[in-house]
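Text of my_file.csv, listed as CSV, N, CA and C atoms:
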chain,number,residue,atom,x,y,z
A,56,MET,N,-70.4,29.2,-33.1
A,56,MET,CA,-71.7,29.1,-33.9
A,56,MET,C,-72.3,30.5,-34.0
A,57,MET,N,-72.8,30.8,-35.2
A,57,MET,CA,-73.3,32.1,-35.5
A,57,MET,C,-74.5,32.4,-34.7
A,58,ILE,N,-75.4,31.5,-34.4
A,58,ILE,CA,-76.6,31.7,-33.6
A,58,ILE,C,-76.2,32.2,-32.2
A,59,ASP,N,-75.2,31.5,-31.6
A,59,ASP,CA,-74.7,31.9,-30.3
A,59,ASP,C,-74.2,33.3,-30.3
A,60,ASP,N,-73.4,33.7,-31.3
A,60,ASP,CA,-72.9,35.0,-31.4
A,60,ASP,C,-74.0,36.1,-31.5
A,61,ASP,N,-75.0,35.8,-32.4
A,61,ASP,CA,-76.1,36.7,-32.5
A,61,ASP,C,-76.8,36.9,-31.2
A,62,MET,N,-77.0,35.8,-30.5
A,62,MET,CA,-77.7,35.8,-29.2
A,62,MET,C,-76.9,36.6,-28.2
A,63,TRP,N,-75.6,36.4,-28.2
A,63,TRP,CA,-74.8,37.1,-27.2
A,63,TRP,C,-74.7,38.6,-27.5
A,64,ILE,N,-74.7,39.0,-28.8
A,64,ILE,CA,-74.7,40.4,-29.1
A,64,ILE,C,-76.0,41.0,-28.6
A,65,GLY,N,-77.1,40.3,-28.8
A,65,GLY,CA,-78.4,40.8,-28.2
A,65,GLY,C,-78.4,41.0,-26.7
A,66,VAL,N,-77.8,40.0,-26.0
A,66,VAL,CA,-77.7,40.2,-24.6
A,66,VAL,C,-76.8,41.4,-24.2
A,67,VAL,N,-75.7,41.6,-24.9
A,67,VAL,CA,-74.8,42.7,-24.6
A,67,VAL,C,-75.5,44.0,-24.9
A,68,ARG,N,-76.2,44.1,-26.0
A,68,ARG,CA,-76.9,45.3,-26.3
A,68,ARG,C,-78.0,45.6,-25.3
A,69,LEU,N,-78.7,44.6,-24.9
A,69,LEU,CA,-79.8,44.7,-24.0
A,69,LEU,C,-79.2,45.2,-22.6
A,70,HIS,N,-78.2,44.6,-22.2
A,70,HIS,CA,-77.5,44.9,-20.9
A,70,HIS,C,-77.1,46.4,-20.9
A,71,ALA,N,-76.4,46.8,-21.9
A,71,ALA,CA,-75.9,48.2,-22.0
A,71,ALA,C,-77.1,49.2,-21.9
A,72,ARG,N,-78.1,48.9,-22.7
A,72,ARG,CA,-79.3,49.8,-22.8
A,72,ARG,C,-80.0,49.9,-21.4
A,73,VAL,N,-80.3,48.7,-20.8
A,73,VAL,CA,-81.0,48.7,-19.5
A,73,VAL,C,-80.1,49.3,-18.4
A,74,GLU,N,-78.9,49.0,-18.4
A,74,GLU,CA,-78.0,49.6,-17.3
A,74,GLU,C,-78.0,51.1,-17.4
A,75,HIS,N,-77.9,51.6,-18.6
A,75,HIS,CA,-77.9,53.1,-18.8
A,75,HIS,C,-79.2,53.7,-18.3
A,76,GLU,N,-80.3,53.1,-18.6
A,76,GLU,CA,-81.6,53.6,-18.1
A,76,GLU,C,-81.7,53.5,-16.6
A,77,LEU,N,-81.3,52.4,-16.0
A,77,LEU,CA,-81.3,52.3,-14.6
A,77,LEU,C,-80.4,53.3,-13.9
A,78,SER,N,-79.3,53.4,-14.4
A,78,SER,CA,-78.3,54.4,-13.8
A,78,SER,C,-78.9,55.8,-13.8
A,79,THR,N,-79.4,56.2,-14.9
A,79,THR,CA,-80.0,57.5,-15.1
A,79,THR,C,-81.2,57.7,-14.1
A,80,ALA,N,-82.1,56.7,-14.0
A,80,ALA,CA,-83.2,56.8,-13.1
A,80,ALA,C,-82.8,56.9,-11.6
A,81,LEU,N,-81.8,56.1,-11.2
A,81,LEU,CA,-81.4,56.1,-9.8
A,81,LEU,C,-80.7,57.4,-9.4
A,82,GLN,N,-80.2,58.2,-10.3
A,82,GLN,CA,-79.6,59.5,-10.0
A,82,GLN,C,-80.5,60.4,-9.2
A,83,ARG,N,-81.9,60.3,-9.4
A,83,ARG,CA,-82.8,61.1,-8.7
A,83,ARG,C,-82.9,60.8,-7.2
A,84,HIS,N,-82.3,59.6,-6.9
A,84,HIS,CA,-82.3,59.2,-5.5
A,84,HIS,C,-80.9,59.4,-4.9
A,85,GLY,N,-80.0,60.0,-5.7
A,85,GLY,CA,-78.6,60.2,-5.2
A,85,GLY,C,-77.8,59.0,-5.2
A,86,LEU,N,-78.1,58.0,-6.0
A,86,LEU,CA,-77.4,56.7,-6.0
A,86,LEU,C,-76.9,56.4,-7.4
A,87,GLY,N,-75.7,55.8,-7.5
A,87,GLY,CA,-75.3,55.2,-8.7
A,87,GLY,C,-75.8,53.7,-8.8
A,88,LEU,N,-75.7,53.1,-9.9
A,88,LEU,CA,-76.2,51.7,-10.0
A,88,LEU,C,-75.5,50.7,-9.1
A,89,SER,N,-74.2,50.8,-9.1
A,89,SER,CA,-73.4,50.0,-8.2
A,89,SER,C,-73.7,50.2,-6.7
A,90,GLU,N,-73.9,51.5,-6.4
A,90,GLU,CA,-74.2,51.8,-5.0
A,90,GLU,C,-75.6,51.2,-4.6
A,91,TYR,N,-76.6,51.3,-5.5
A,91,TYR,CA,-77.9,50.7,-5.3
A,91,TYR,C,-77.8,49.2,-5.1
A,92,ARG,N,-77.0,48.6,-6.0
A,92,ARG,CA,-76.9,47.1,-5.9
A,92,ARG,C,-76.1,46.7,-4.6
A,93,ALA,N,-75.2,47.5,-4.2
A,93,ALA,CA,-74.5,47.2,-2.9
A,93,ALA,C,-75.4,47.3,-1.8
A,94,LEU,N,-76.3,48.3,-1.7
A,94,LEU,CA,-77.3,48.4,-0.7
A,94,LEU,C,-78.3,47.3,-0.7
A,95,CYS,N,-78.6,46.8,-1.9
A,95,CYS,CA,-79.5,45.7,-2.0
A,95,CYS,C,-78.9,44.4,-1.4
A,96,HIS,N,-77.6,44.2,-1.7
A,96,HIS,CA,-76.9,43.0,-1.2
A,96,HIS,C,-76.8,43.1,0.3
A,97,LEU,N,-76.4,44.3,0.8
A,97,LEU,CA,-76.2,44.4,2.2
A,97,LEU,C,-77.6,44.3,3.0
A,98,SER,N,-78.6,44.8,2.4
A,98,SER,CA,-79.9,44.8,3.0
A,98,SER,C,-80.5,43.3,3.2
A,99,THR,N,-80.0,42.4,2.4
A,99,THR,CA,-80.5,41.0,2.5
A,99,THR,C,-79.5,40.1,3.2
A,100,ALA,N,-78.3,40.6,3.5
A,100,ALA,CA,-77.2,39.8,4.1
A,100,ALA,C,-77.5,39.7,5.6
A,101,HIS,N,-77.0,38.6,6.2
A,101,HIS,CA,-77.2,38.3,7.6
A,101,HIS,C,-76.6,39.5,8.4
A,102,ASP,N,-77.4,40.1,9.3
A,102,ASP,CA,-77.0,41.2,10.1
A,102,ASP,C,-76.7,42.5,9.2
A,103,GLY,N,-77.1,42.5,8.0
A,103,GLY,CA,-76.8,43.6,7.1
A,103,GLY,C,-75.4,43.9,6.8
A,104,GLU,N,-74.6,42.9,6.9
A,104,GLU,CA,-73.1,43.1,6.7
A,104,GLU,C,-72.5,42.0,5.8
A,105,LEU,N,-71.5,42.5,5.1
A,105,LEU,CA,-70.7,41.6,4.3
A,105,LEU,C,-69.2,42.0,4.4
A,106,ARG,N,-68.4,41.0,4.2
A,106,ARG,CA,-66.9,41.3,4.1
A,106,ARG,C,-66.8,42.0,2.8
A,107,MET,N,-65.8,42.9,2.8
A,107,MET,CA,-65.6,43.7,1.6
A,107,MET,C,-65.4,42.8,0.4
A,108,GLN,N,-64.6,41.7,0.5
A,108,GLN,CA,-64.3,40.9,-0.6
A,108,GLN,C,-65.6,40.2,-1.1
A,109,GLU,N,-66.5,39.8,-0.2
A,109,GLU,CA,-67.8,39.2,-0.6
A,109,GLU,C,-68.6,40.2,-1.4
A,110,LEU,N,-68.6,41.4,-0.9
A,110,LEU,CA,-69.4,42.5,-1.7
A,110,LEU,C,-68.8,42.7,-3.0
A,111,ALA,N,-67.5,42.7,-3.1
A,111,ALA,CA,-66.8,42.9,-4.4
A,111,ALA,C,-67.2,41.8,-5.4
A,112,ASP,N,-67.2,40.5,-4.9
A,112,ASP,CA,-67.5,39.4,-5.7
A,112,ASP,C,-69.0,39.5,-6.2
A,113,LEU,N,-69.9,39.8,-5.3
A,113,LEU,CA,-71.3,40.0,-5.6
A,113,LEU,C,-71.6,41.0,-6.7
A,114,LEU,N,-70.8,42.1,-6.6
A,114,LEU,CA,-70.9,43.2,-7.6
A,114,LEU,C,-70.1,43.1,-8.8
A,115,GLY,N,-69.2,42.1,-8.8
A,115,GLY,CA,-68.3,42.0,-10.0
A,115,GLY,C,-67.3,43.1,-10.1
A,116,LEU,N,-66.8,43.5,-8.9
A,116,LEU,CA,-65.8,44.6,-8.8
A,116,LEU,C,-64.6,44.1,-8.2
A,117,ASN,N,-63.5,44.8,-8.5
A,117,ASN,CA,-62.2,44.4,-7.8
A,117,ASN,C,-62.2,45.1,-6.4
A,118,GLN,N,-61.2,44.7,-5.6
A,118,GLN,CA,-61.1,45.2,-4.3
A,118,GLN,C,-61.0,46.7,-4.2
A,119,SER,N,-60.2,47.3,-5.1
A,119,SER,CA,-60.0,48.7,-5.1
A,119,SER,C,-61.3,49.5,-5.4
A,120,SER,N,-62.0,49.0,-6.4
A,120,SER,CA,-63.3,49.6,-6.8
A,120,SER,C,-64.3,49.5,-5.7
A,121,VAL,N,-64.4,48.4,-5.0
A,121,VAL,CA,-65.4,48.2,-4.0
A,121,VAL,C,-65.0,49.1,-2.8
A,122,THR,N,-63.7,49.3,-2.5
A,122,THR,CA,-63.3,50.2,-1.4
A,122,THR,C,-63.7,51.6,-1.7
A,123,ARG,N,-63.6,52.1,-2.9
A,123,ARG,CA,-64.0,53.4,-3.3
A,123,ARG,C,-65.6,53.5,-3.2
A,124,LEU,N,-66.3,52.5,-3.7
A,124,LEU,CA,-67.7,52.5,-3.6
A,124,LEU,C,-68.2,52.5,-2.1
A,125,VAL,N,-67.6,51.7,-1.3
A,125,VAL,CA,-68.0,51.7,0.1
A,125,VAL,C,-67.7,53.1,0.8
A,126,GLY,N,-66.5,53.6,0.4
A,126,GLY,CA,-66.2,55.0,0.9
A,126,GLY,C,-67.2,56.0,0.5
A,127,ARG,N,-67.8,56.0,-0.7
A,127,ARG,CA,-68.8,56.9,-1.0
A,127,ARG,C,-70.1,56.7,-0.2
A,128,LEU,N,-70.4,55.4,0.0
A,128,LEU,CA,-71.6,55.1,0.8
A,128,LEU,C,-71.5,55.5,2.3
A,129,GLU,N,-70.3,55.3,2.8
A,129,GLU,CA,-70.0,55.7,4.2
A,129,GLU,C,-70.0,57.3,4.3
A,130,ALA,N,-69.5,58.0,3.3
A,130,ALA,CA,-69.5,59.4,3.4
A,130,ALA,C,-70.9,60.0,3.5
A,131,VAL,N,-71.9,59.4,3.0
A,131,VAL,CA,-73.3,59.9,3.0
A,131,VAL,C,-74.1,59.2,4.1
A,132,GLY,N,-73.4,58.3,4.9
A,132,GLY,CA,-74.1,57.6,6.0
A,132,GLY,C,-74.9,56.4,5.7
A,133,PHE,N,-74.7,55.8,4.5
A,133,PHE,CA,-75.5,54.7,4.1
A,133,PHE,C,-74.9,53.3,4.6
A,134,THR,N,-73.6,53.3,4.9
A,134,THR,CA,-72.9,52.2,5.4
A,134,THR,C,-71.9,52.6,6.4
A,135,ARG,N,-71.4,51.7,7.2
A,135,ARG,CA,-70.3,51.9,8.1
A,135,ARG,C,-69.4,50.7,8.0
A,136,ARG,N,-68.1,50.9,8.4
A,136,ARG,CA,-67.2,49.7,8.4
A,136,ARG,C,-67.2,49.1,9.8
A,137,SER,N,-66.9,47.8,9.9
A,137,SER,CA,-66.8,47.1,11.1
A,137,SER,C,-65.7,46.1,11.0
A,138,LEU,N,-64.9,45.9,12.1
A,138,LEU,CA,-63.8,44.9,12.1
A,138,LEU,C,-64.4,43.6,12.5
A,139,CYS,N,-64.0,42.5,11.9
A,139,CYS,CA,-64.4,41.2,12.2
A,139,CYS,C,-63.9,40.9,13.7
A,140,ALA,N,-64.9,40.4,14.5
A,140,ALA,CA,-64.5,40.1,15.9
A,140,ALA,C,-63.5,39.0,16.0
A,141,LYS,N,-63.6,38.0,15.1
A,141,LYS,CA,-62.7,36.8,15.1
A,141,LYS,C,-61.4,37.1,14.5
A,142,ASP,N,-61.3,37.9,13.5
A,142,ASP,CA,-60.1,38.2,12.8
A,142,ASP,C,-60.1,39.7,12.5
A,143,ARG,N,-59.3,40.4,13.4
A,143,ARG,CA,-59.3,41.9,13.4
A,143,ARG,C,-58.8,42.4,12.0
A,144,ARG,N,-58.3,41.6,11.2
A,144,ARG,CA,-57.9,42.1,9.8
A,144,ARG,C,-59.0,42.1,8.9
A,145,GLY,N,-60.1,41.3,9.2
A,145,GLY,CA,-61.2,41.3,8.3
A,145,GLY,C,-62.1,42.5,8.5
A,146,VAL,N,-62.5,43.1,7.3
A,146,VAL,CA,-63.3,44.4,7.4
A,146,VAL,C,-64.6,44.1,6.7
A,147,TYR,N,-65.7,44.4,7.5
A,147,TYR,CA,-67.0,44.3,7.0
A,147,TYR,C,-67.6,45.7,6.6
A,148,THR,N,-68.5,45.7,5.7
A,148,THR,CA,-69.3,46.9,5.5
A,148,THR,C,-70.7,46.6,6.0
A,149,VAL,N,-71.3,47.5,6.7
A,149,VAL,CA,-72.6,47.3,7.3
A,149,VAL,C,-73.6,48.3,6.9
A,150,ILE,N,-74.8,48.0,6.4
A,150,ILE,CA,-75.8,48.9,6.0
A,150,ILE,C,-76.4,49.6,7.3
A,151,THR,N,-76.6,50.9,7.2
A,151,THR,CA,-77.2,51.7,8.3
A,151,THR,C,-78.7,51.8,8.0
A,152,GLU,N,-79.4,52.3,9.0
A,152,GLU,CA,-80.9,52.5,8.8
A,152,GLU,C,-81.1,53.5,7.7
A,153,GLU,N,-80.2,54.5,7.6
A,153,GLU,CA,-80.3,55.5,6.5
A,153,GLU,C,-80.1,54.8,5.1
A,154,GLY,N,-79.2,53.9,5.1
A,154,GLY,CA,-78.9,53.2,3.9
A,154,GLY,C,-80.1,52.3,3.5
A,155,ARG,N,-80.7,51.6,4.5
A,155,ARG,CA,-81.9,50.8,4.2
A,155,ARG,C,-83.1,51.7,3.7
A,156,SER,N,-83.2,52.9,4.3
A,156,SER,CA,-84.3,53.8,3.9
A,156,SER,C,-84.1,54.3,2.4
A,157,ARG,N,-82.8,54.6,2.1
A,157,ARG,CA,-82.6,55.1,0.7
A,157,ARG,C,-82.8,54.0,-0.3
A,158,LYS,N,-82.4,52.8,0.1
A,158,LYS,CA,-82.5,51.6,-0.8
A,158,LYS,C,-84.0,51.4,-1.1
A,159,GLU,N,-84.8,51.5,0.0
A,159,GLU,CA,-86.3,51.3,-0.1
A,159,GLU,C,-86.9,52.4,-1.0
A,160,MET,N,-86.5,53.6,-0.8
A,160,MET,CA,-87.0,54.7,-1.6
A,160,MET,C,-86.7,54.5,-3.1
A,161,ALA,N,-85.5,54.0,-3.4
A,161,ALA,CA,-85.1,53.8,-4.8
A,161,ALA,C,-85.6,52.6,-5.4
A,162,SER,N,-86.1,51.6,-4.6
A,162,SER,CA,-86.5,50.3,-5.2
A,162,SER,C,-87.6,50.4,-6.2
A,163,GLY,N,-88.6,51.2,-5.9
A,163,GLY,CA,-89.7,51.4,-6.8
A,163,GLY,C,-89.3,51.9,-8.1
A,164,THR,N,-88.4,52.9,-8.1
A,164,THR,CA,-87.9,53.5,-9.3
A,164,THR,C,-87.1,52.5,-10.1
A,165,TYR,N,-86.3,51.7,-9.4
A,165,TYR,CA,-85.5,50.6,-10.0
A,165,TYR,C,-86.4,49.6,-10.8
A,166,VAL,N,-87.4,49.1,-10.1
A,166,VAL,CA,-88.3,48.1,-10.6
A,166,VAL,C,-89.1,48.7,-11.8
A,167,GLU,N,-89.7,49.8,-11.6
A,167,GLU,CA,-90.4,50.5,-12.7
A,167,GLU,C,-89.6,50.7,-14.0
A,168,THR,N,-88.4,51.2,-13.7
A,168,THR,CA,-87.4,51.5,-14.8
A,168,THR,C,-87.0,50.3,-15.5
A,169,LEU,N,-86.7,49.2,-14.8
A,169,LEU,CA,-86.3,48.0,-15.3
A,169,LEU,C,-87.4,47.4,-16.2
A,170,THR,N,-88.6,47.3,-15.7
A,170,THR,CA,-89.7,46.8,-16.5
A,170,THR,C,-89.9,47.6,-17.8
A,171,ALA,N,-89.9,48.9,-17.7
A,171,ALA,CA,-90.1,49.8,-18.8
A,171,ALA,C,-89.0,49.7,-19.8
A,172,ALA,N,-87.8,49.6,-19.3
A,172,ALA,CA,-86.6,49.5,-20.3
A,172,ALA,C,-86.7,48.2,-21.0
A,173,LEU,N,-87.0,47.1,-20.3
A,173,LEU,CA,-87.2,45.8,-21.0
A,173,LEU,C,-88.3,45.8,-22.0
A,174,ASP,N,-89.4,46.4,-21.7
A,174,ASP,CA,-90.5,46.5,-22.6
A,174,ASP,C,-90.1,47.3,-23.8
A,175,ARG,N,-89.4,48.5,-23.7
A,175,ARG,CA,-89.0,49.3,-24.8
A,175,ARG,C,-88.0,48.5,-25.7
A,176,ALA,N,-87.1,47.8,-25.0
A,176,ALA,CA,-86.1,47.0,-25.8
A,176,ALA,C,-86.8,45.9,-26.6
A,177,SER,N,-87.8,45.3,-26.0
A,177,SER,CA,-88.5,44.3,-26.7
A,177,SER,C,-89.2,44.8,-27.9
A,178,ALA,N,-89.7,46.0,-27.8
A,178,ALA,CA,-90.4,46.6,-29.0
A,178,ALA,C,-89.4,47.2,-30.0
A,179,ASP,N,-88.2,47.3,-29.6
A,179,ASP,CA,-87.2,47.9,-30.5
A,179,ASP,C,-86.2,46.8,-31.1
A,180,GLY,N,-86.7,45.6,-31.3
A,180,GLY,CA,-85.8,44.6,-31.9
A,180,GLY,C,-85.1,43.7,-31.1
A,181,LEU,N,-85.3,43.8,-29.8
A,181,LEU,CA,-84.6,42.8,-28.8
A,181,LEU,C,-85.7,41.9,-28.2
A,182,GLY,N,-86.8,41.8,-28.8
A,182,GLY,CA,-87.9,41.0,-28.3
A,182,GLY,C,-87.6,39.6,-27.9
A,183,LEU,N,-86.8,38.9,-28.8
A,183,LEU,CA,-86.5,37.5,-28.5
A,183,LEU,C,-85.6,37.4,-27.3
A,184,THR,N,-84.6,38.3,-27.2
A,184,THR,CA,-83.7,38.3,-26.1
A,184,THR,C,-84.5,38.5,-24.8
A,185,VAL,N,-85.3,39.5,-24.8
A,185,VAL,CA,-86.1,39.9,-23.6
A,185,VAL,C,-87.0,38.7,-23.2
A,186,ALA,N,-87.7,38.1,-24.2
A,186,ALA,CA,-88.6,37.0,-23.9
A,186,ALA,C,-87.8,35.8,-23.4
A,187,ALA,N,-86.7,35.5,-23.9
A,187,ALA,CA,-85.9,34.4,-23.4
A,187,ALA,C,-85.5,34.6,-21.9
A,188,LEU,N,-85.1,35.8,-21.6
A,188,LEU,CA,-84.7,36.1,-20.2
A,188,LEU,C,-85.9,36.1,-19.3
A,189,ARG,N,-87.0,36.6,-19.7
A,189,ARG,CA,-88.2,36.6,-18.9
A,189,ARG,C,-88.7,35.2,-18.7
A,190,ASP,N,-88.7,34.4,-19.8
A,190,ASP,CA,-89.1,33.0,-19.7
A,190,ASP,C,-88.2,32.2,-18.7
A,191,ALA,N,-86.9,32.5,-18.7
A,191,ALA,CA,-86.0,31.8,-17.9
A,191,ALA,C,-86.3,32.0,-16.4
A,192,VAL,N,-86.9,33.0,-16.0
A,192,VAL,CA,-87.1,33.3,-14.6
A,192,VAL,C,-88.6,33.1,-14.2
A,193,GLN,N,-89.4,32.7,-15.1
A,193,GLN,CA,-90.9,32.5,-14.8
A,193,GLN,C,-91.0,31.2,-13.9
A,194,PRO,N,-91.9,31.2,-12.9
A,194,PRO,CA,-92.1,30.0,-12.1
A,194,PRO,C,-92.7,28.9,-13.0
A,195,VAL,N,-92.4,27.7,-12.7
A,195,VAL,CA,-92.9,26.6,-13.5
A,195,VAL,C,-94.3,26.2,-13.0
Exercise: express the given structure as structure tokens:
Amino acid sequence: MMIDDDMWIGVVRLHARVEHELSTALQRHGLGLSEYRALCHLSTAHDGELRMQELADLLGLNQSSVTRLVGRLEAVGFTRRSLCAKDRRGVYTVITEEGRSRKEMASGTYVETLTAALDRASADGLGLTVAALRDAVQPV
């Protein structure tokens, strides 16, 4: 259906535009967008830890990509790896206090940039798409 195609093109355009702005803004905190999102997931996980495969699934990354991502986070002290006590083959990544601190420092920038990017996109011809997304998450 042509309406669905037009709608989906709007979603893809909006996504690309917002992701670019978020990525650029997070650089001032020394984080990439995937790194920031990984820290967000870890910061809300039970005990601040997730199995590597769980994190990969949450981020939409394959195992190889999440391994490299976690390696970058470990190298700067934002996470550490831990072996599963029940299954020594299972590997967890655990957020550190330094990782929590960096995530908190970057959160304001993330939220401000997201809101501003959506507002700009709305004014630049993607208003219906932005409005539909915002309406979808408004409390009833």
Of the candidates A:Leu173, A:Val73, A:Gly154, A:Val125, which one gets nearest to A:Ala186 if we count only C-alpha atoms?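 Between A:Leu173, A:Val73, A:Gly154, A:Val125, the residue approaching A:Ala186 most closely is A:Leu173.
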Excluding same-chain residues fewer than 2 positions from stretch 106-122 of chain A, what lies within 5 Å of it counting all atoms listed in the file, as a PyMOL selection string? chain A and resi 104+124-126+146-148
Could you check which residues have any atom within 8 Å of (-77.0, 50.2, 1.1), counting only C-alpha atoms with coordinates taken straight from the file, and then list them as a PyMOL selection string? chain A and resi 90-98+128+133-134+150-151+154-155+157-158
Could you turn the residues from that selection into a file that holds N, CA and C atoms, as a tab-separated table (two decimals), in the frame of the given file?
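result.tsv, written as the output of this step:
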chain	number	residue	atom	x	y	z
A	90	GLU	N	-73.90	51.50	-6.40
A	90	GLU	CA	-74.20	51.80	-5.00
A	90	GLU	C	-75.60	51.20	-4.60
A	91	TYR	N	-76.60	51.30	-5.50
A	91	TYR	CA	-77.90	50.70	-5.30
A	91	TYR	C	-77.80	49.20	-5.10
A	92	ARG	N	-77.00	48.60	-6.00
A	92	ARG	CA	-76.90	47.10	-5.90
A	92	ARG	C	-76.10	46.70	-4.60
A	93	ALA	N	-75.20	47.50	-4.20
A	93	ALA	CA	-74.50	47.20	-2.90
A	93	ALA	C	-75.40	47.30	-1.80
A	94	LEU	N	-76.30	48.30	-1.70
A	94	LEU	CA	-77.30	48.40	-0.70
A	94	LEU	C	-78.30	47.30	-0.70
A	95	CYS	N	-78.60	46.80	-1.90
A	95	CYS	CA	-79.50	45.70	-2.00
A	95	CYS	C	-78.90	44.40	-1.40
A	96	HIS	N	-77.60	44.20	-1.70
A	96	HIS	CA	-76.90	43.00	-1.20
A	96	HIS	C	-76.80	43.10	0.30
A	97	LEU	N	-76.40	44.30	0.80
A	97	LEU	CA	-76.20	44.40	2.20
A	97	LEU	C	-77.60	44.30	3.00
A	98	SER	N	-78.60	44.80	2.40
A	98	SER	CA	-79.90	44.80	3.00
A	98	SER	C	-80.50	43.30	3.20
A	128	LEU	N	-70.40	55.40	0.00
A	128	LEU	CA	-71.60	55.10	0.80
A	128	LEU	C	-71.50	55.50	2.30
A	133	PHE	N	-74.70	55.80	4.50
A	133	PHE	CA	-75.50	54.70	4.10
A	133	PHE	C	-74.90	53.30	4.60
A	134	THR	N	-73.60	53.30	4.90
A	134	THR	CA	-72.90	52.20	5.40
A	134	THR	C	-71.90	52.60	6.40
A	150	ILE	N	-74.80	48.00	6.40
A	150	ILE	CA	-75.80	48.90	6.00
A	150	ILE	C	-76.40	49.60	7.30
A	151	THR	N	-76.60	50.90	7.20
A	151	THR	CA	-77.20	51.70	8.30
A	151	THR	C	-78.70	51.80	8.00
A	154	GLY	N	-79.20	53.90	5.10
A	154	GLY	CA	-78.90	53.20	3.90
A	154	GLY	C	-80.10	52.30	3.50
A	155	ARG	N	-80.70	51.60	4.50
A	155	ARG	CA	-81.90	50.80	4.20
A	155	ARG	C	-83.10	51.70	3.70
A	157	ARG	N	-82.80	54.60	2.10
A	157	ARG	CA	-82.60	55.10	0.70
A	157	ARG	C	-82.80	54.00	-0.30
A	158	LYS	N	-82.40	52.80	0.10
A	158	LYS	CA	-82.50	51.60	-0.80
A	158	LYS	C	-84.00	51.40	-1.10
Please identify all polymer residues within 8 Å of stretch 67-69 of chain A, counting only C-alpha atoms, omitting same-chain residues fewer than 4 positions from it, and present them as number ranges by chain. A: 63, 73, 176, 181, 184-185
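When atom C of A:Gly65 is paired with atom N of A:Leu188, their separation reads 9.9 Å.
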DSSP alpha helix (DSSP H) selection over stretch 70-188 of chain A, as a PyMOL selection string: chain A and resi 70-81+88-99+107-114+118-130+152-176+182-188
Using atom N of A:Ala140 and atom C of A:Leu105 as the two end points, give the distance in Å to one decimal.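 It comes out at 11.1 Å.
Using all atoms listed in the file, the smallest distance between any of A:Val166, A:Leu88, A:Val131, A:Ala178 and A:Glu153 comes from A:Val131.
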Point out the residue among A:Val192, A:Thr168, A:Val149, A:Leu86 with the least atom-to-atom distance to A:Glu74, counting only C-alpha atoms.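 Under the stated criterion, the closest residue is A:Thr168.
Shortest atom-to-atom contact with A:Tyr165 among A:Ile58, A:Ala191, A:Leu77, A:Val66: A:Leu77, counting all atoms listed in the file.
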Could you tell me how far atom CA of A:Glu167 lies from atom CA of A:Arg123, in Å and to one decimal? 28.2 Å
Quick one: DSSP strand (DSSP E or B) residues in stretch 79-174 of chain A, as JSON, numbers by chain? {"A": [104, 105, 106, 134, 135, 136, 137, 138, 146, 147, 148, 149, 150]}
Taking N, CA and C atoms for each residue, export the selection above as a short mmCIF file (atom, residue, chain, number, x, y, z; two decimals), in the frame of the given file.
data_model
loop_
_atom_site.label_atom_id
_atom_site.label_comp_id
_atom_site.auth_asym_id
_atom_site.auth_seq_id
_atom_site.Cartn_x
_atom_site.Cartn_y
_atom_site.Cartn_z
N GLU A 104 -74.60 42.90 6.90
CA GLU A 104 -73.10 43.10 6.70
C GLU A 104 -72.50 42.00 5.80
N LEU A 105 -71.50 42.50 5.10
CA LEU A 105 -70.70 41.60 4.30
C LEU A 105 -69.20 42.00 4.40
N ARG A 106 -68.40 41.00 4.20
CA ARG A 106 -66.90 41.30 4.10
C ARG A 106 -66.80 42.00 2.80
N THR A 134 -73.60 53.30 4.90
CA THR A 134 -72.90 52.20 5.40
C THR A 134 -71.90 52.60 6.40
N ARG A 135 -71.40 51.70 7.20
CA ARG A 135 -70.30 51.90 8.10
C ARG A 135 -69.40 50.70 8.00
N ARG A 136 -68.10 50.90 8.40
CA ARG A 136 -67.20 49.70 8.40
C ARG A 136 -67.20 49.10 9.80
N SER A 137 -66.90 47.80 9.90
CA SER A 137 -66.80 47.10 11.10
C SER A 137 -65.70 46.10 11.00
N LEU A 138 -64.90 45.90 12.10
CA LEU A 138 -63.80 44.90 12.10
C LEU A 138 -64.40 43.60 12.50
N VAL A 146 -62.50 43.10 7.30
CA VAL A 146 -63.30 44.40 7.40
C VAL A 146 -64.60 44.10 6.70
N TYR A 147 -65.70 44.40 7.50
CA TYR A 147 -67.00 44.30 7.00
C TYR A 147 -67.60 45.70 6.60
N THR A 148 -68.50 45.70 5.70
CA THR A 148 -69.30 46.90 5.50
C THR A 148 -70.70 46.60 6.00
N VAL A 149 -71.30 47.50 6.70
CA VAL A 149 -72.60 47.30 7.30
C VAL A 149 -73.60 48.30 6.90
N ILE A 150 -74.80 48.00 6.40
CA ILE A 150 -75.80 48.90 6.00
C ILE A 150 -76.40 49.60 7.30
#
